[in-house]
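Q: Right, I'll just put the structure down here and ask away after.
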Amino acid sequence: MAFADSSWRRRPQKSSPLVPLLLVVLILVFGWIAYNQFRSMTTPLRDETAQPRAVTPRAGLTDLEKTNIQIYRNARPAVVHITSLDIRSGGFRMNVQEVPKGTGSGFIWDEAGNIVTNFHVIQGAQGARVTLADGTAYRAKLVGIAPDKDLAILKIDAPASALHPIPLGTSDDLEVGQLVYAIGNPFGLDQTLTTGVISALGREINSTVEGRSIQGVIQTDAAINPGNSGGPLLDSSGRLIGVNTAIYSPSGSSAGIGFAIPVDEVNRVVPQLIRSGKVTRPTLGVQVAADQLSDQLGVQGALILRVIPDGPAEKAGLRSTLRDIEGRIRLGDIIVAVDGMPVKRARDLFKLLERYAAGDRVKLSVQRGAETVEIEIILGTS
């Protein structure tokens, strides 16, 4: 069925021309408001009368600050920057040039131009350059190395007036808790001072070669980072008490545990390196049993397996381990003390001998059969 009348249908309505105009006006108004708010936030409120603020006076430096400043000023001229060098060729051009291999620290030992640093700072290098605190650089020559002590001596040809050695201290009277100061070039930042305390004494760390240990090492919480190696560790009097050598850190940066070779050891090794380029170790002239063998034999002490002919031990009358005609082992002398210091294992003997130099006279306590005898011996040279 269709509707005859369709007048009911919606007719299209014409939009008012005012609506678009109103929208445009609203957009302009809101835009103007937003613009003015933005300007009010970004336009500074200027004050033509602004002046620098008055400085607040401070009290004088504390005694500790004065000490820190004085120690740094006194020691700074003695601390040097060391650049190890490598030689590389330029490919087909066949030209040879020196390029930096690594950096580290060191310090002036004497007015002859001898420089103390760590062995690992110059290990594997084909040259080295030493830069003094005043920025003057010198080509360095290698004098001597003690890899198992992580020490090395370089020498520069500089006038005595430019060389300022650090006063020497001792390490046998150090105390845990006393203040220490480290100066070096961490991450290439020259002449950096860090402070801390001695955290522990008598530590043992491995050197860079053969797993040999360095005895009596100083542990400190003074920040020691890569580049500090070879720099001096000072006491509150500005005296040298150690040579910074290593850090203990999973990340490779300072974690509050650093180590320094004690100055007493340094003062024993450095003169030998300057004289002969190497360390001459004292020797008894004996071959001792390994600790494992001593354990198997039930021996406590350093068992002498063999006395070297014409050595100090033979001259002193020490006896070797032998086999009799029936093949039974006859134990030789067993060293149980050196100058009253006990020897329970072979490694104890080696550690104690590190305290002496060739030519020193020591007294050995020796177990010979059922009795203990005292034997005086003059140490030889290895």
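Just remember, in the structure tokens the first chain shown is A, the second B, etc., residues are 1-based per chain, and ligands are 1-based in the order shown.
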Where does DSSP see strand (DSSP E or B) in range 196-239 of chain A, if you list the residues as a list of chain:residue names?
A: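 Everything in range 196-239 of chain A that counts as strand (DSSP E or B) is A:Gly196, A:Val197, A:Ile198, A:Ser199, A:Ala200, A:Leu201, A:Gly202, A:Arg203, A:Glu204, A:Ile205, A:Asn206, A:Ser213, A:Ile214, A:Gln215, A:Gly216, A:Val217, A:Ile218, A:Gln219, A:Thr220, A:Pro232, A:Leu233, A:Leu234.
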Q: Would you please give, as a VMD selection string, all residues of range 161-361 of chain A that DSSP assigns to alpha helix (DSSP H) based on the backbone?
A: chain A and resid 263 to 276 291 to 297 312 to 316 346 to 353
Q: Please produce an output containing N, CA and C atoms for each residue in the selection, written as a CSV table (one decimal), in the first residue's frame.
A:
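Resulting contents of selection.csv:
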chain,number,residue,atom,x,y,z
A,263,VAL,N,107.2,0.3,51.8
A,263,VAL,CA,108.4,1.0,51.5
A,263,VAL,C,109.7,0.3,51.9
A,264,ASP,N,109.6,-0.5,53.0
A,264,ASP,CA,110.8,-1.2,53.4
A,264,ASP,C,111.2,-2.2,52.4
A,265,GLU,N,110.3,-2.8,51.7
A,265,GLU,CA,110.6,-3.7,50.6
A,265,GLU,C,111.1,-3.0,49.4
A,266,VAL,N,110.5,-1.8,49.1
A,266,VAL,CA,110.9,-1.0,48.0
A,266,VAL,C,112.4,-0.5,48.2
A,267,ASN,N,112.7,-0.1,49.5
A,267,ASN,CA,114.0,0.4,49.8
A,267,ASN,C,115.1,-0.7,49.8
A,268,ARG,N,114.6,-1.9,49.8
A,268,ARG,CA,115.6,-3.0,49.7
A,268,ARG,C,115.8,-3.4,48.3
A,269,VAL,N,114.7,-3.3,47.5
A,269,VAL,CA,114.8,-3.8,46.1
A,269,VAL,C,115.4,-2.7,45.2
A,270,VAL,N,115.0,-1.5,45.3
A,270,VAL,CA,115.4,-0.4,44.4
A,270,VAL,C,116.9,-0.2,44.3
A,271,PRO,N,117.6,-0.1,45.4
A,271,PRO,CA,119.1,0.0,45.2
A,271,PRO,C,119.7,-1.1,44.4
A,272,GLN,N,119.2,-2.4,44.6
A,272,GLN,CA,119.7,-3.5,43.8
A,272,GLN,C,119.5,-3.3,42.3
A,273,LEU,N,118.3,-2.8,42.0
A,273,LEU,CA,117.9,-2.6,40.6
A,273,LEU,C,118.8,-1.6,40.0
A,274,ILE,N,119.1,-0.5,40.8
A,274,ILE,CA,119.9,0.6,40.2
A,274,ILE,C,121.4,0.1,40.1
A,275,ARG,N,121.8,-0.8,41.0
A,275,ARG,CA,123.2,-1.2,40.9
A,275,ARG,C,123.4,-2.3,39.8
A,276,SER,N,122.5,-3.2,39.7
A,276,SER,CA,122.7,-4.4,38.8
A,276,SER,C,121.6,-4.7,37.8
A,291,ASP,N,106.4,-29.2,50.2
A,291,ASP,CA,105.5,-29.4,51.3
A,291,ASP,C,104.7,-30.7,51.3
A,292,GLN,N,104.4,-31.1,50.1
A,292,GLN,CA,103.6,-32.4,49.9
A,292,GLN,C,104.4,-33.6,50.4
A,293,LEU,N,105.8,-33.6,50.0
A,293,LEU,CA,106.6,-34.7,50.4
A,293,LEU,C,106.9,-34.6,51.9
A,294,SER,N,107.0,-33.4,52.5
A,294,SER,CA,107.2,-33.3,53.9
A,294,SER,C,106.0,-33.9,54.7
A,295,ASP,N,104.8,-33.6,54.1
A,295,ASP,CA,103.6,-34.1,54.7
A,295,ASP,C,103.6,-35.6,54.7
A,296,GLN,N,104.0,-36.2,53.6
A,296,GLN,CA,104.0,-37.7,53.5
A,296,GLN,C,105.0,-38.3,54.5
A,297,LEU,N,106.1,-37.6,54.7
A,297,LEU,CA,107.1,-38.1,55.6
A,297,LEU,C,106.8,-37.7,57.1
A,312,PRO,N,126.8,-21.9,51.1
A,312,PRO,CA,126.8,-21.5,52.5
A,312,PRO,C,126.4,-22.7,53.4
A,313,ALA,N,125.4,-23.5,53.0
A,313,ALA,CA,125.0,-24.6,53.9
A,313,ALA,C,126.1,-25.6,54.1
A,314,GLU,N,126.8,-25.9,53.0
A,314,GLU,CA,127.9,-26.9,53.2
A,314,GLU,C,128.9,-26.4,54.1
A,315,LYS,N,129.3,-25.1,53.9
A,315,LYS,CA,130.3,-24.5,54.8
A,315,LYS,C,129.9,-24.4,56.3
A,316,ALA,N,128.6,-24.4,56.5
A,316,ALA,CA,128.1,-24.3,57.9
A,316,ALA,C,127.8,-25.7,58.4
A,346,ALA,N,108.0,-25.4,53.9
A,346,ALA,CA,109.1,-24.9,53.1
A,346,ALA,C,108.8,-23.5,52.7
A,347,ARG,N,107.5,-23.2,52.4
A,347,ARG,CA,107.2,-21.8,52.0
A,347,ARG,C,107.5,-20.8,53.1
A,348,ASP,N,107.4,-21.2,54.4
A,348,ASP,CA,107.7,-20.3,55.5
A,348,ASP,C,109.2,-19.9,55.4
A,349,LEU,N,110.0,-20.8,55.0
A,349,LEU,CA,111.5,-20.5,54.9
A,349,LEU,C,111.7,-19.5,53.8
A,350,PHE,N,111.1,-19.7,52.7
A,350,PHE,CA,111.3,-18.7,51.6
A,350,PHE,C,110.8,-17.3,51.9
A,351,LYS,N,109.6,-17.3,52.6
A,351,LYS,CA,109.1,-16.0,53.0
A,351,LYS,C,110.1,-15.3,54.0
A,352,LEU,N,110.6,-16.0,54.9
A,352,LEU,CA,111.5,-15.4,55.9
A,352,LEU,C,112.8,-14.9,55.2
A,353,LEU,N,113.3,-15.7,54.3
A,353,LEU,CA,114.6,-15.3,53.6
A,353,LEU,C,114.4,-14.0,52.8
Q: Pick from A:Asn185, A:Thr381, A:Gln367, A:Ser105: nearest to Val279 in chain A, with only C-alpha atoms counted?
A: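 Using only C-alpha atoms, Val279 in chain A sits closest to A:Thr381.
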Q: In Å, how far is it from CA of Arg46 in chain A to CA of Gly31 in chain A?
A: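 These atoms are spaced 25.6 Å apart.
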Q: How many Å separate CA of Ser237 in chain A from CA of Thr67 in chain A?
A: 8.5 Å
Q: Go through A:Asp333, A:Leu303, A:Leu318, A:Asp172 and flag the residue nearest Glu376 in chain A, using only C-alpha atoms for the distances.
A: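 Checking each of A:Asp333, A:Leu303, A:Leu318, A:Asp172 against Glu376 in chain A, counting only C-alpha atoms, the winner is A:Leu318.
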Q: What is the distance between CA of Pro309 in chain A and CA of Ser365 in chain A, in Å to one decimal?
A: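 Separation of CA of Pro309 in chain A and CA of Ser365 in chain A: 21.1 Å.
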Q: Need to verify the contact set: Glu204 in chain A, 8 Å, only C-alpha atoms, exclusion of same-chain residues closer than 5 positions in sequence. Can you return it as JSON, numbers by chain?
A: {"A": [213, 214, 215, 216, 217]}
Q: Would you save the residues of that selection, restricted to N, CA and C atoms, as a compact mmCIF listing (two decimals), in the first residue's frame?
A:
# COMPACT_ATOMS: atom_id res chain seq x y z
N SER A 213 104.07 -14.50 45.18
CA SER A 213 103.34 -13.58 46.04
C SER A 213 104.23 -12.47 46.57
N ILE A 214 103.61 -11.32 46.82
CA ILE A 214 104.29 -10.20 47.46
C ILE A 214 103.80 -10.15 48.89
N GLN A 215 104.72 -10.19 49.82
CA GLN A 215 104.39 -10.29 51.23
C GLN A 215 104.25 -8.91 51.87
N GLY A 216 103.49 -8.87 52.97
CA GLY A 216 103.43 -7.68 53.81
C GLY A 216 102.80 -6.48 53.14
N VAL A 217 101.89 -6.69 52.19
CA VAL A 217 101.32 -5.59 51.41
C VAL A 217 100.37 -4.75 52.27
Q: List the spatial neighbours of Ala246 in chain A as JSON, numbers by chain - criterion: any atom at most 8 Å away, only C-alpha atoms, same-chain residues fewer than 5 positions off excluded.
A: {"A": [224, 229, 258, 259, 260]}
Q: Could you write those residues out with C-alpha atoms, as a short mmCIF file (atom, residue, chain, number, x, y, z; two decimals), in the first residue's frame?
A:
data_model
loop_
_atom_site.label_atom_id
_atom_site.label_comp_id
_atom_site.auth_asym_id
_atom_site.auth_seq_id
_atom_site.Cartn_x
_atom_site.Cartn_y
_atom_site.Cartn_z
CA ILE A 224 93.31 3.73 43.56
CA SER A 229 99.72 2.19 39.54
CA GLY A 258 93.69 -0.95 47.12
CA PHE A 259 97.14 -2.35 47.74
CA ALA A 260 100.60 -0.86 48.03
#
Q: Excluding Gly231 in chain A and its own-chain neighbours fewer than 6 positions away, which residues fall within 9 Å of it when counting only C-alpha atoms? Please give them as a PyMOL selection string.
A: chain A and resi 79-81+104-107+116-118+182-185+242-245
Q: For each of A:Tyr356, A:Tyr138, A:Tyr72, A:Phe119, take the minimum atom-to-atom distance to Leu234 in chain A, counting only C-alpha atoms, then give the residue where this is smallest.
A: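 With only C-alpha atoms as the atom set, the closest residue is A:Tyr72.
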